[in-house]
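Chemist: Here you go, this is data-v1.pdb (PDB, N, CA, C and O atoms).
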ATOM      1  N   MET A   1     -19.075  97.654 -34.681
ATOM      2  CA  MET A   1     -20.194  97.224 -33.873
ATOM      3  C   MET A   1     -19.883  95.841 -33.328
ATOM      4  O   MET A   1     -19.492  94.948 -34.061
ATOM      5  N   SER A   2     -20.045  95.634 -32.033
ATOM      6  CA  SER A   2     -19.744  94.342 -31.426
ATOM      7  C   SER A   2     -20.833  93.332 -31.741
ATOM      8  O   SER A   2     -21.941  93.687 -32.131
ATOM      9  N   GLU A   3     -20.525  92.061 -31.547
ATOM     10  CA  GLU A   3     -21.485  91.008 -31.839
ATOM     11  C   GLU A   3     -22.687  91.066 -30.916
ATOM     12  O   GLU A   3     -23.763  90.606 -31.266
ATOM     13  N   ASN A   4     -22.538  91.617 -29.725
ATOM     14  CA  ASN A   4     -23.632  91.683 -28.765
ATOM     15  C   ASN A   4     -24.625  92.800 -29.076
ATOM     16  O   ASN A   4     -25.730  92.792 -28.560
ATOM     17  N   GLN A   5     -24.235  93.749 -29.876
ATOM     18  CA  GLN A   5     -25.130  94.838 -30.230
ATOM     19  C   GLN A   5     -25.938  94.433 -31.455
ATOM     20  O   GLN A   5     -25.408  93.901 -32.420
ATOM     21  N   GLU A   6     -27.244  94.718 -31.387
ATOM     22  CA  GLU A   6     -28.079  94.434 -32.549
ATOM     23  C   GLU A   6     -28.121  95.649 -33.452
ATOM     24  O   GLU A   6     -28.232  96.775 -32.989
ATOM     25  N   GLN A   7     -28.024  95.389 -34.740
ATOM     26  CA  GLN A   7     -28.100  96.463 -35.716
ATOM     27  C   GLN A   7     -29.562  96.887 -35.866
ATOM     28  O   GLN A   7     -30.454  96.047 -35.921
ATOM     29  N   GLU A   8     -29.803  98.190 -35.932
ATOM     30  CA  GLU A   8     -31.155  98.691 -36.130
ATOM     31  C   GLU A   8     -31.660  98.247 -37.496
ATOM     32  O   GLU A   8     -30.956  98.342 -38.495
ATOM     33  N   GLU A   9     -32.904  97.754 -37.536
ATOM     34  CA  GLU A   9     -33.488  97.331 -38.800
ATOM     35  C   GLU A   9     -33.939  98.552 -39.591
ATOM     36  O   GLU A   9     -34.553  99.464 -39.047
ATOM     37  N   VAL A  10     -33.619  98.543 -40.873
ATOM     38  CA  VAL A  10     -33.933  99.656 -41.750
ATOM     39  C   VAL A  10     -34.636  99.135 -42.999
ATOM     40  O   VAL A  10     -34.230  98.117 -43.554
ATOM     41  N   ILE A  11     -35.681  99.833 -43.402
ATOM     42  CA  ILE A  11     -36.356  99.538 -44.663
ATOM     43  C   ILE A  11     -36.373 100.830 -45.469
ATOM     44  O   ILE A  11     -36.865 101.847 -45.004
ATOM     45  N   THR A  12     -35.816 100.776 -46.673
ATOM     46  CA  THR A  12     -35.796 101.930 -47.549
ATOM     47  C   THR A  12     -36.622 101.621 -48.782
ATOM     48  O   THR A  12     -36.408 100.587 -49.425
ATOM     49  N   VAL A  13     -37.569 102.491 -49.097
ATOM     50  CA  VAL A  13     -38.400 102.326 -50.288
ATOM     51  C   VAL A  13     -38.232 103.570 -51.143
ATOM     52  O   VAL A  13     -38.418 104.685 -50.674
ATOM     53  N   ARG A  14     -37.853 103.359 -52.402
ATOM     54  CA  ARG A  14     -37.734 104.468 -53.355
ATOM     55  C   ARG A  14     -38.733 104.246 -54.481
ATOM     56  O   ARG A  14     -38.873 103.130 -54.984
ATOM     57  N   VAL A  15     -39.398 105.315 -54.871
ATOM     58  CA  VAL A  15     -40.325 105.279 -56.003
ATOM     59  C   VAL A  15     -39.737 106.197 -57.060
ATOM     60  O   VAL A  15     -39.465 107.363 -56.799
ATOM     61  N   GLN A  16     -39.529 105.667 -58.262
ATOM     62  CA  GLN A  16     -38.849 106.443 -59.301
ATOM     63  C   GLN A  16     -39.281 105.975 -60.673
ATOM     64  O   GLN A  16     -40.052 105.031 -60.804
ATOM     65  N   ASP A  17     -38.796 106.636 -61.685
ATOM     66  CA  ASP A  17     -38.948 106.246 -63.081
ATOM     67  C   ASP A  17     -40.409 106.049 -63.515
ATOM     68  O   ASP A  17     -40.802 104.956 -63.928
ATOM     69  N   PRO A  18     -41.253 107.095 -63.440
ATOM     70  CA  PRO A  18     -42.641 106.937 -63.903
ATOM     71  C   PRO A  18     -42.693 106.727 -65.414
ATOM     72  O   PRO A  18     -41.925 107.329 -66.160
ATOM     73  N   ARG A  19     -43.585 105.845 -65.843
ATOM     74  CA  ARG A  19     -43.765 105.573 -67.273
ATOM     75  C   ARG A  19     -45.253 105.483 -67.587
ATOM     76  O   ARG A  19     -46.011 104.849 -66.854
ATOM     77  N   VAL A  20     -45.635 106.094 -68.687
ATOM     78  CA  VAL A  20     -47.019 105.988 -69.149
ATOM     79  C   VAL A  20     -47.136 104.708 -69.972
ATOM     80  O   VAL A  20     -46.377 104.494 -70.915
ATOM     81  N   GLN A  21     -48.081 103.870 -69.611
ATOM     82  CA  GLN A  21     -48.335 102.621 -70.332
ATOM     83  C   GLN A  21     -49.601 102.799 -71.171
ATOM     84  O   GLN A  21     -50.545 103.466 -70.748
ATOM     85  N   ASN A  22     -49.620 102.202 -72.338
ATOM     86  CA  ASN A  22     -50.754 102.292 -73.268
ATOM     87  C   ASN A  22     -51.061 103.741 -73.633
ATOM     88  O   ASN A  22     -52.217 104.150 -73.711
ATOM     89  N   GLU A  23     -50.009 104.523 -73.833
ATOM     90  CA  GLU A  23     -50.187 105.947 -74.125
ATOM     91  C   GLU A  23     -51.073 106.147 -75.357
ATOM     92  O   GLU A  23     -50.958 105.440 -76.345
ATOM     93  N   GLY A  24     -51.986 107.092 -75.266
ATOM     94  CA  GLY A  24     -52.900 107.377 -76.359
ATOM     95  C   GLY A  24     -54.153 106.523 -76.337
ATOM     96  O   GLY A  24     -55.058 106.713 -77.132
ATOM     97  N   SER A  25     -54.221 105.593 -75.424
ATOM     98  CA  SER A  25     -55.379 104.713 -75.298
ATOM     99  C   SER A  25     -56.277 105.210 -74.165
ATOM    100  O   SER A  25     -55.823 105.888 -73.253
ATOM    101  N   TRP A  26     -57.544 104.844 -74.213
ATOM    102  CA  TRP A  26     -58.461 105.254 -73.143
ATOM    103  C   TRP A  26     -58.109 104.590 -71.816
ATOM    104  O   TRP A  26     -58.499 105.073 -70.758
ATOM    105  N   ASN A  27     -57.362 103.501 -71.842
ATOM    106  CA  ASN A  27     -56.987 102.809 -70.601
ATOM    107  C   ASN A  27     -55.507 102.991 -70.273
ATOM    108  O   ASN A  27     -54.874 102.101 -69.711
ATOM    109  N   SER A  28     -54.952 104.153 -70.595
ATOM    110  CA  SER A  28     -53.546 104.413 -70.250
ATOM    111  C   SER A  28     -53.418 104.632 -68.745
ATOM    112  O   SER A  28     -54.381 104.989 -68.062
ATOM    113  N   TYR A  29     -52.240 104.374 -68.226
ATOM    114  CA  TYR A  29     -51.961 104.560 -66.804
ATOM    115  C   TYR A  29     -50.467 104.787 -66.618
ATOM    116  O   TYR A  29     -49.672 104.556 -67.510
ATOM    117  N   VAL A  30     -50.118 105.259 -65.435
ATOM    118  CA  VAL A  30     -48.721 105.494 -65.096
ATOM    119  C   VAL A  30     -48.275 104.406 -64.130
ATOM    120  O   VAL A  30     -48.990 104.090 -63.168
ATOM    121  N   ASP A  31     -47.113 103.821 -64.390
ATOM    122  CA  ASP A  31     -46.530 102.913 -63.399
ATOM    123  C   ASP A  31     -45.161 103.445 -62.990
ATOM    124  O   ASP A  31     -44.606 104.325 -63.630
ATOM    125  N   TYR A  32     -44.674 102.948 -61.871
ATOM    126  CA  TYR A  32     -43.437 103.432 -61.260
ATOM    127  C   TYR A  32     -42.555 102.257 -60.881
ATOM    128  O   TYR A  32     -43.048 101.176 -60.562
ATOM    129  N   LYS A  33     -41.258 102.502 -60.869
ATOM    130  CA  LYS A  33     -40.318 101.512 -60.362
ATOM    131  C   LYS A  33     -40.269 101.685 -58.843
ATOM    132  O   LYS A  33     -40.057 102.788 -58.339
ATOM    133  N   ILE A  34     -40.490 100.606 -58.115
ATOM    134  CA  ILE A  34     -40.418 100.622 -56.657
ATOM    135  C   ILE A  34     -39.239  99.750 -56.250
ATOM    136  O   ILE A  34     -39.199  98.556 -56.538
ATOM    137  N   PHE A  35     -38.276 100.377 -55.584
ATOM    138  CA  PHE A  35     -37.064  99.700 -55.144
ATOM    139  C   PHE A  35     -37.078  99.620 -53.628
ATOM    140  O   PHE A  35     -37.285 100.622 -52.954
ATOM    141  N   LEU A  36     -36.903  98.420 -53.091
ATOM    142  CA  LEU A  36     -36.884  98.205 -51.645
ATOM    143  C   LEU A  36     -35.546  97.605 -51.243
ATOM    144  O   LEU A  36     -35.045  96.698 -51.904
ATOM    145  N   HIS A  37     -34.976  98.148 -50.183
ATOM    146  CA  HIS A  37     -33.745  97.615 -49.619
ATOM    147  C   HIS A  37     -33.918  97.562 -48.104
ATOM    148  O   HIS A  37     -34.391  98.521 -47.498
ATOM    149  N   THR A  38     -33.553  96.436 -47.496
ATOM    150  CA  THR A  38     -33.723  96.288 -46.057
ATOM    151  C   THR A  38     -32.674  95.359 -45.463
ATOM    152  O   THR A  38     -32.100  94.533 -46.156
ATOM    153  N   ASN A  39     -32.447  95.516 -44.177
ATOM    154  CA  ASN A  39     -31.639  94.568 -43.433
ATOM    155  C   ASN A  39     -32.516  93.811 -42.428
ATOM    156  O   ASN A  39     -32.022  93.104 -41.566
ATOM    157  N   SER A  40     -33.833  93.979 -42.548
ATOM    158  CA  SER A  40     -34.784  93.353 -41.637
ATOM    159  C   SER A  40     -34.811  91.839 -41.822
ATOM    160  O   SER A  40     -34.817  91.332 -42.948
ATOM    161  N   LYS A  41     -34.877  91.136 -40.730
ATOM    162  CA  LYS A  41     -34.959  89.674 -40.769
ATOM    163  C   LYS A  41     -36.332  89.198 -41.222
ATOM    164  O   LYS A  41     -36.513  88.035 -41.560
ATOM    165  N   ALA A  42     -37.310  90.104 -41.258
ATOM    166  CA  ALA A  42     -38.659  89.750 -41.679
ATOM    167  C   ALA A  42     -38.756  89.520 -43.188
ATOM    168  O   ALA A  42     -39.712  88.930 -43.664
ATOM    169  N   PHE A  43     -37.751  89.969 -43.939
ATOM    170  CA  PHE A  43     -37.745  89.829 -45.391
ATOM    171  C   PHE A  43     -36.740  88.765 -45.807
ATOM    172  O   PHE A  43     -35.611  88.768 -45.340
ATOM    173  N   THR A  44     -37.146  87.885 -46.708
ATOM    174  CA  THR A  44     -36.196  86.879 -47.200
ATOM    175  C   THR A  44     -35.261  87.485 -48.234
ATOM    176  O   THR A  44     -34.086  87.151 -48.274
ATOM    177  N   ALA A  45     -35.784  88.373 -49.077
ATOM    178  CA  ALA A  45     -34.953  89.085 -50.058
ATOM    179  C   ALA A  45     -34.579  90.438 -49.470
ATOM    180  O   ALA A  45     -35.437  91.166 -48.996
ATOM    181  N   LYS A  46     -33.326  90.775 -49.506
ATOM    182  CA  LYS A  46     -32.868  92.040 -48.920
ATOM    183  C   LYS A  46     -33.058  93.208 -49.875
ATOM    184  O   LYS A  46     -33.096  94.356 -49.450
ATOM    185  N   THR A  47     -33.163  92.935 -51.150
ATOM    186  CA  THR A  47     -33.468  93.976 -52.124
ATOM    187  C   THR A  47     -34.494  93.445 -53.114
ATOM    188  O   THR A  47     -34.541  92.243 -53.402
ATOM    189  N   SER A  48     -35.314  94.336 -53.627
ATOM    190  CA  SER A  48     -36.237  93.972 -54.697
ATOM    191  C   SER A  48     -36.559  95.213 -55.505
ATOM    192  O   SER A  48     -36.467  96.336 -55.016
ATOM    193  N   CYS A  49     -36.936  94.984 -56.739
ATOM    194  CA  CYS A  49     -37.280  96.083 -57.632
ATOM    195  C   CYS A  49     -38.407  95.592 -58.536
ATOM    196  O   CYS A  49     -38.263  94.565 -59.205
ATOM    197  N   VAL A  50     -39.522  96.312 -58.520
ATOM    198  CA  VAL A  50     -40.682  95.947 -59.333
ATOM    199  C   VAL A  50     -41.293  97.204 -59.932
ATOM    200  O   VAL A  50     -41.028  98.306 -59.468
ATOM    201  N   ARG A  51     -42.113  97.037 -60.943
ATOM    202  CA  ARG A  51     -42.889  98.151 -61.493
ATOM    203  C   ARG A  51     -44.327  97.957 -61.051
ATOM    204  O   ARG A  51     -44.872  96.846 -61.144
ATOM    205  N   ARG A  52     -44.923  99.018 -60.548
ATOM    206  CA  ARG A  52     -46.295  98.956 -60.061
ATOM    207  C   ARG A  52     -47.056 100.214 -60.450
ATOM    208  O   ARG A  52     -46.487 101.285 -60.561
ATOM    209  N   ARG A  53     -48.355 100.057 -60.592
ATOM    210  CA  ARG A  53     -49.230 101.201 -60.811
ATOM    211  C   ARG A  53     -49.287 102.045 -59.547
ATOM    212  O   ARG A  53     -49.044 101.557 -58.450
ATOM    213  N   TYR A  54     -49.674 103.285 -59.721
ATOM    214  CA  TYR A  54     -49.768 104.207 -58.595
ATOM    215  C   TYR A  54     -50.688 103.656 -57.504
ATOM    216  O   TYR A  54     -50.353 103.702 -56.333
ATOM    217  N   ARG A  55     -51.820 103.103 -57.878
ATOM    218  CA  ARG A  55     -52.778 102.620 -56.873
ATOM    219  C   ARG A  55     -52.177 101.503 -56.015
ATOM    220  O   ARG A  55     -52.504 101.359 -54.846
ATOM    221  N   GLU A  56     -51.290 100.702 -56.579
ATOM    222  CA  GLU A  56     -50.652  99.651 -55.792
ATOM    223  C   GLU A  56     -49.637 100.240 -54.809
ATOM    224  O   GLU A  56     -49.465  99.736 -53.703
ATOM    225  N   PHE A  57     -48.962 101.311 -55.229
ATOM    226  CA  PHE A  57     -48.044 101.975 -54.319
ATOM    227  C   PHE A  57     -48.799 102.606 -53.157
ATOM    228  O   PHE A  57     -48.347 102.551 -52.012
ATOM    229  N   VAL A  58     -49.947 103.189 -53.411
ATOM    230  CA  VAL A  58     -50.767 103.774 -52.342
ATOM    231  C   VAL A  58     -51.146 102.685 -51.344
ATOM    232  O   VAL A  58     -51.076 102.882 -50.136
ATOM    233  N   TRP A  59     -51.519 101.511 -51.837
ATOM    234  CA  TRP A  59     -51.856 100.395 -50.950
ATOM    235  C   TRP A  59     -50.651 100.022 -50.072
ATOM    236  O   TRP A  59     -50.783  99.830 -48.867
ATOM    237  N   LEU A  60     -49.463  99.913 -50.677
ATOM    238  CA  LEU A  60     -48.251  99.564 -49.934
ATOM    239  C   LEU A  60     -47.982 100.588 -48.835
ATOM    240  O   LEU A  60     -47.686 100.241 -47.700
ATOM    241  N   ARG A  61     -48.076 101.845 -49.172
ATOM    242  CA  ARG A  61     -47.821 102.906 -48.204
ATOM    243  C   ARG A  61     -48.793 102.816 -47.023
ATOM    244  O   ARG A  61     -48.392 102.935 -45.870
ATOM    245  N   LYS A  62     -50.057 102.573 -47.310
ATOM    246  CA  LYS A  62     -51.053 102.439 -46.232
ATOM    247  C   LYS A  62     -50.738 101.242 -45.350
ATOM    248  O   LYS A  62     -50.879 101.308 -44.124
ATOM    249  N   GLN A  63     -50.310 100.133 -45.956
ATOM    250  CA  GLN A  63     -49.958  98.949 -45.171
ATOM    251  C   GLN A  63     -48.771  99.232 -44.254
ATOM    252  O   GLN A  63     -48.763  98.838 -43.093
ATOM    253  N   LEU A  64     -47.761  99.901 -44.785
ATOM    254  CA  LEU A  64     -46.587 100.227 -43.970
ATOM    255  C   LEU A  64     -46.957 101.158 -42.829
ATOM    256  O   LEU A  64     -46.482 100.997 -41.703
ATOM    257  N   GLN A  65     -47.802 102.119 -43.099
ATOM    258  CA  GLN A  65     -48.219 103.050 -42.057
ATOM    259  C   GLN A  65     -49.009 102.321 -40.973
ATOM    260  O   GLN A  65     -48.792 102.534 -39.780
ATOM    261  N   ARG A  66     -49.941 101.501 -41.382
ATOM    262  CA  ARG A  66     -50.816 100.818 -40.427
ATOM    263  C   ARG A  66     -50.065  99.763 -39.605
ATOM    264  O   ARG A  66     -50.219  99.670 -38.396
ATOM    265  N   ASN A  67     -49.219  98.985 -40.265
ATOM    266  CA  ASN A  67     -48.590  97.855 -39.599
ATOM    267  C   ASN A  67     -47.341  98.209 -38.808
ATOM    268  O   ASN A  67     -47.009  97.544 -37.839
ATOM    269  N   ALA A  68     -46.621  99.216 -39.238
ATOM    270  CA  ALA A  68     -45.347  99.466 -38.585
ATOM    271  C   ALA A  68     -45.072 100.926 -38.308
ATOM    272  O   ALA A  68     -44.061 101.247 -37.696
ATOM    273  N   GLY A  69     -45.930 101.815 -38.754
ATOM    274  CA  GLY A  69     -45.673 103.232 -38.561
ATOM    275  C   GLY A  69     -44.393 103.677 -39.230
ATOM    276  O   GLY A  69     -43.692 104.557 -38.752
ATOM    277  N   LEU A  70     -44.078 103.056 -40.368
ATOM    278  CA  LEU A  70     -42.779 103.299 -41.013
ATOM    279  C   LEU A  70     -42.768 104.532 -41.896
ATOM    280  O   LEU A  70     -41.707 105.035 -42.216
ATOM    281  N   VAL A  71     -43.922 104.988 -42.311
ATOM    282  CA  VAL A  71     -43.954 106.104 -43.258
ATOM    283  C   VAL A  71     -44.413 107.363 -42.555
ATOM    284  O   VAL A  71     -45.308 107.364 -41.774
TER     285      VAL A  71
END
Once you've parsed the file, please lay out its structure as C-alpha cells.
Modeler:
Amino acid sequence: MSENQEQEEVITVRVQDPRVQNEGSWNSYVDYKIFLHTNSKAFTAKTSCVRRRYREFVWLRKQLQRNAGLV
C-alpha cells in the first residue's frame, strides 16, 4: 500500500469466555470477556480486553449501532 493511500479503519469486537459470578447466590450474573482491536485513529489504545456483564455489552452494541452503524 502506498503512502498516499489511506488504510480502511477497522474495529473488531469479540465477546467470549462467559463466566458465572457469585454462583449459587441470589445475585449471580454472567460476565464476558470483551476484546477490541482497531486501527482507528479515534482510539488511543489499539487493543483492549475487559470483562463486562451482559447488560454492559448490550449498551456498547447499541452505541456502536447508533453512532457508527458498525454492527
Chemist: Translate the PyMOL selection byres ((chain A and resi 52-62) around 4.5), as applied to the file shown, into an explicit residue set as a CSV table (one decimal) with N, CA, C and O atoms, keeping the file's coordinate frame.
Modeler:
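To be explicit, this is the file written out as expr_9.csv:
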chain,number,residue,atom,x,y,z
A,30,VAL,N,-50.1,105.3,-65.4
A,30,VAL,CA,-48.7,105.5,-65.1
A,30,VAL,C,-48.3,104.4,-64.1
A,30,VAL,O,-49.0,104.1,-63.2
A,31,ASP,N,-47.1,103.8,-64.4
A,31,ASP,CA,-46.5,102.9,-63.4
A,31,ASP,C,-45.2,103.4,-63.0
A,31,ASP,O,-44.6,104.3,-63.6
A,32,TYR,N,-44.7,102.9,-61.9
A,32,TYR,CA,-43.4,103.4,-61.3
A,32,TYR,C,-42.6,102.3,-60.9
A,32,TYR,O,-43.0,101.2,-60.6
A,50,VAL,N,-39.5,96.3,-58.5
A,50,VAL,CA,-40.7,95.9,-59.3
A,50,VAL,C,-41.3,97.2,-59.9
A,50,VAL,O,-41.0,98.3,-59.5
A,51,ARG,N,-42.1,97.0,-60.9
A,51,ARG,CA,-42.9,98.2,-61.5
A,51,ARG,C,-44.3,98.0,-61.1
A,51,ARG,O,-44.9,96.8,-61.1
A,63,GLN,N,-50.3,100.1,-46.0
A,63,GLN,CA,-50.0,98.9,-45.2
A,63,GLN,C,-48.8,99.2,-44.3
A,63,GLN,O,-48.8,98.8,-43.1
A,64,LEU,N,-47.8,99.9,-44.8
A,64,LEU,CA,-46.6,100.2,-44.0
A,64,LEU,C,-47.0,101.2,-42.8
A,64,LEU,O,-46.5,101.0,-41.7
A,65,GLN,N,-47.8,102.1,-43.1
A,65,GLN,CA,-48.2,103.0,-42.1
A,65,GLN,C,-49.0,102.3,-41.0
A,65,GLN,O,-48.8,102.5,-39.8
A,66,ARG,N,-49.9,101.5,-41.4
A,66,ARG,CA,-50.8,100.8,-40.4
A,66,ARG,C,-50.1,99.8,-39.6
A,66,ARG,O,-50.2,99.7,-38.4
Chemist: Determine the residue set returned by the PyMOL selection byres ((chain A and resi 14) around 6) for the present structure, and present it as a list in words.
Modeler: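 Answer for the PyMOL selection byres ((chain A and resi 14) around 6): Thr12, Val13, Val15, Gln16, Lys33, Ile34, Phe35 and Leu36 of chain A.
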Chemist: If you run DSSP on this backbone, which residues of chain A come out as strand (DSSP E), and could you give them as a PDB file with N, CA, C and O atoms, keeping the file's coordinate frame?
Modeler:
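And here's result_0.pdb as it stands now:
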ATOM      1  N   ILE A  11     -35.681  99.833 -43.402  1.00  0.00           N
ATOM      2  CA  ILE A  11     -36.356  99.538 -44.663  1.00  0.00           C
ATOM      3  C   ILE A  11     -36.373 100.830 -45.469  1.00  0.00           C
ATOM      4  O   ILE A  11     -36.865 101.847 -45.004  1.00  0.00           O
ATOM      5  N   THR A  12     -35.816 100.776 -46.673  1.00  0.00           N
ATOM      6  CA  THR A  12     -35.796 101.930 -47.549  1.00  0.00           C
ATOM      7  C   THR A  12     -36.622 101.621 -48.782  1.00  0.00           C
ATOM      8  O   THR A  12     -36.408 100.587 -49.425  1.00  0.00           O
ATOM      9  N   VAL A  13     -37.569 102.491 -49.097  1.00  0.00           N
ATOM     10  CA  VAL A  13     -38.400 102.326 -50.288  1.00  0.00           C
ATOM     11  C   VAL A  13     -38.232 103.570 -51.143  1.00  0.00           C
ATOM     12  O   VAL A  13     -38.418 104.685 -50.674  1.00  0.00           O
ATOM     13  N   ARG A  14     -37.853 103.359 -52.402  1.00  0.00           N
ATOM     14  CA  ARG A  14     -37.734 104.468 -53.355  1.00  0.00           C
ATOM     15  C   ARG A  14     -38.733 104.246 -54.481  1.00  0.00           C
ATOM     16  O   ARG A  14     -38.873 103.130 -54.984  1.00  0.00           O
ATOM     17  N   VAL A  15     -39.398 105.315 -54.871  1.00  0.00           N
ATOM     18  CA  VAL A  15     -40.325 105.279 -56.003  1.00  0.00           C
ATOM     19  C   VAL A  15     -39.737 106.197 -57.060  1.00  0.00           C
ATOM     20  O   VAL A  15     -39.465 107.363 -56.799  1.00  0.00           O
ATOM     21  N   GLN A  16     -39.529 105.667 -58.262  1.00  0.00           N
ATOM     22  CA  GLN A  16     -38.849 106.443 -59.301  1.00  0.00           C
ATOM     23  C   GLN A  16     -39.281 105.975 -60.673  1.00  0.00           C
ATOM     24  O   GLN A  16     -40.052 105.031 -60.804  1.00  0.00           O
ATOM     25  N   ASP A  17     -38.796 106.636 -61.685  1.00  0.00           N
ATOM     26  CA  ASP A  17     -38.948 106.246 -63.081  1.00  0.00           C
ATOM     27  C   ASP A  17     -40.409 106.049 -63.515  1.00  0.00           C
ATOM     28  O   ASP A  17     -40.802 104.956 -63.928  1.00  0.00           O
ATOM     29  N   PRO A  18     -41.253 107.095 -63.440  1.00  0.00           N
ATOM     30  CA  PRO A  18     -42.641 106.937 -63.903  1.00  0.00           C
ATOM     31  C   PRO A  18     -42.693 106.727 -65.414  1.00  0.00           C
ATOM     32  O   PRO A  18     -41.925 107.329 -66.160  1.00  0.00           O
ATOM     33  N   ARG A  19     -43.585 105.845 -65.843  1.00  0.00           N
ATOM     34  CA  ARG A  19     -43.765 105.573 -67.273  1.00  0.00           C
ATOM     35  C   ARG A  19     -45.253 105.483 -67.587  1.00  0.00           C
ATOM     36  O   ARG A  19     -46.011 104.849 -66.854  1.00  0.00           O
ATOM     37  N   VAL A  20     -45.635 106.094 -68.687  1.00  0.00           N
ATOM     38  CA  VAL A  20     -47.019 105.988 -69.149  1.00  0.00           C
ATOM     39  C   VAL A  20     -47.136 104.708 -69.972  1.00  0.00           C
ATOM     40  O   VAL A  20     -46.377 104.494 -70.915  1.00  0.00           O
ATOM     41  N   GLN A  21     -48.081 103.870 -69.611  1.00  0.00           N
ATOM     42  CA  GLN A  21     -48.335 102.621 -70.332  1.00  0.00           C
ATOM     43  C   GLN A  21     -49.601 102.799 -71.171  1.00  0.00           C
ATOM     44  O   GLN A  21     -50.545 103.466 -70.748  1.00  0.00           O
ATOM     45  N   TYR A  29     -52.240 104.374 -68.226  1.00  0.00           N
ATOM     46  CA  TYR A  29     -51.961 104.560 -66.804  1.00  0.00           C
ATOM     47  C   TYR A  29     -50.467 104.787 -66.618  1.00  0.00           C
ATOM     48  O   TYR A  29     -49.672 104.556 -67.510  1.00  0.00           O
ATOM     49  N   VAL A  30     -50.118 105.259 -65.435  1.00  0.00           N
ATOM     50  CA  VAL A  30     -48.721 105.494 -65.096  1.00  0.00           C
ATOM     51  C   VAL A  30     -48.275 104.406 -64.130  1.00  0.00           C
ATOM     52  O   VAL A  30     -48.990 104.090 -63.168  1.00  0.00           O
ATOM     53  N   ASP A  31     -47.113 103.821 -64.390  1.00  0.00           N
ATOM     54  CA  ASP A  31     -46.530 102.913 -63.399  1.00  0.00           C
ATOM     55  C   ASP A  31     -45.161 103.445 -62.990  1.00  0.00           C
ATOM     56  O   ASP A  31     -44.606 104.325 -63.630  1.00  0.00           O
ATOM     57  N   TYR A  32     -44.674 102.948 -61.871  1.00  0.00           N
ATOM     58  CA  TYR A  32     -43.437 103.432 -61.260  1.00  0.00           C
ATOM     59  C   TYR A  32     -42.555 102.257 -60.881  1.00  0.00           C
ATOM     60  O   TYR A  32     -43.048 101.176 -60.562  1.00  0.00           O
ATOM     61  N   LYS A  33     -41.258 102.502 -60.869  1.00  0.00           N
ATOM     62  CA  LYS A  33     -40.318 101.512 -60.362  1.00  0.00           C
ATOM     63  C   LYS A  33     -40.269 101.685 -58.843  1.00  0.00           C
ATOM     64  O   LYS A  33     -40.057 102.788 -58.339  1.00  0.00           O
ATOM     65  N   ILE A  34     -40.490 100.606 -58.115  1.00  0.00           N
ATOM     66  CA  ILE A  34     -40.418 100.622 -56.657  1.00  0.00           C
ATOM     67  C   ILE A  34     -39.239  99.750 -56.250  1.00  0.00           C
ATOM     68  O   ILE A  34     -39.199  98.556 -56.538  1.00  0.00           O
ATOM     69  N   PHE A  35     -38.276 100.377 -55.584  1.00  0.00           N
ATOM     70  CA  PHE A  35     -37.064  99.700 -55.144  1.00  0.00           C
ATOM     71  C   PHE A  35     -37.078  99.620 -53.628  1.00  0.00           C
ATOM     72  O   PHE A  35     -37.285 100.622 -52.954  1.00  0.00           O
ATOM     73  N   LEU A  36     -36.903  98.420 -53.091  1.00  0.00           N
ATOM     74  CA  LEU A  36     -36.884  98.205 -51.645  1.00  0.00           C
ATOM     75  C   LEU A  36     -35.546  97.605 -51.243  1.00  0.00           C
ATOM     76  O   LEU A  36     -35.045  96.698 -51.904  1.00  0.00           O
ATOM     77  N   HIS A  37     -34.976  98.148 -50.183  1.00  0.00           N
ATOM     78  CA  HIS A  37     -33.745  97.615 -49.619  1.00  0.00           C
ATOM     79  C   HIS A  37     -33.918  97.562 -48.104  1.00  0.00           C
ATOM     80  O   HIS A  37     -34.391  98.521 -47.498  1.00  0.00           O
ATOM     81  N   THR A  38     -33.553  96.436 -47.496  1.00  0.00           N
ATOM     82  CA  THR A  38     -33.723  96.288 -46.057  1.00  0.00           C
ATOM     83  C   THR A  38     -32.674  95.359 -45.463  1.00  0.00           C
ATOM     84  O   THR A  38     -32.100  94.533 -46.156  1.00  0.00           O
ATOM     85  N   THR A  47     -33.163  92.935 -51.150  1.00  0.00           N
ATOM     86  CA  THR A  47     -33.468  93.976 -52.124  1.00  0.00           C
ATOM     87  C   THR A  47     -34.494  93.445 -53.114  1.00  0.00           C
ATOM     88  O   THR A  47     -34.541  92.243 -53.402  1.00  0.00           O
ATOM     89  N   SER A  48     -35.314  94.336 -53.627  1.00  0.00           N
ATOM     90  CA  SER A  48     -36.237  93.972 -54.697  1.00  0.00           C
ATOM     91  C   SER A  48     -36.559  95.213 -55.505  1.00  0.00           C
ATOM     92  O   SER A  48     -36.467  96.336 -55.016  1.00  0.00           O
ATOM     93  N   CYS A  49     -36.936  94.984 -56.739  1.00  0.00           N
ATOM     94  CA  CYS A  49     -37.280  96.083 -57.632  1.00  0.00           C
ATOM     95  C   CYS A  49     -38.407  95.592 -58.536  1.00  0.00           C
ATOM     96  O   CYS A  49     -38.263  94.565 -59.205  1.00  0.00           O
ATOM     97  N   VAL A  50     -39.522  96.312 -58.520  1.00  0.00           N
ATOM     98  CA  VAL A  50     -40.682  95.947 -59.333  1.00  0.00           C
ATOM     99  C   VAL A  50     -41.293  97.204 -59.932  1.00  0.00           C
ATOM    100  O   VAL A  50     -41.028  98.306 -59.468  1.00  0.00           O
ATOM    101  N   ARG A  51     -42.113  97.037 -60.943  1.00  0.00           N
ATOM    102  CA  ARG A  51     -42.889  98.151 -61.493  1.00  0.00           C
ATOM    103  C   ARG A  51     -44.327  97.957 -61.051  1.00  0.00           C
ATOM    104  O   ARG A  51     -44.872  96.846 -61.144  1.00  0.00           O
ATOM    105  N   ARG A  52     -44.923  99.018 -60.548  1.00  0.00           N
ATOM    106  CA  ARG A  52     -46.295  98.956 -60.061  1.00  0.00           C
ATOM    107  C   ARG A  52     -47.056 100.214 -60.450  1.00  0.00           C
ATOM    108  O   ARG A  52     -46.487 101.285 -60.561  1.00  0.00           O
ATOM    109  N   ARG A  53     -48.355 100.057 -60.592  1.00  0.00           N
ATOM    110  CA  ARG A  53     -49.230 101.201 -60.811  1.00  0.00           C
ATOM    111  C   ARG A  53     -49.287 102.045 -59.547  1.00  0.00           C
ATOM    112  O   ARG A  53     -49.044 101.557 -58.450  1.00  0.00           O
TER     113      ARG A  53
END
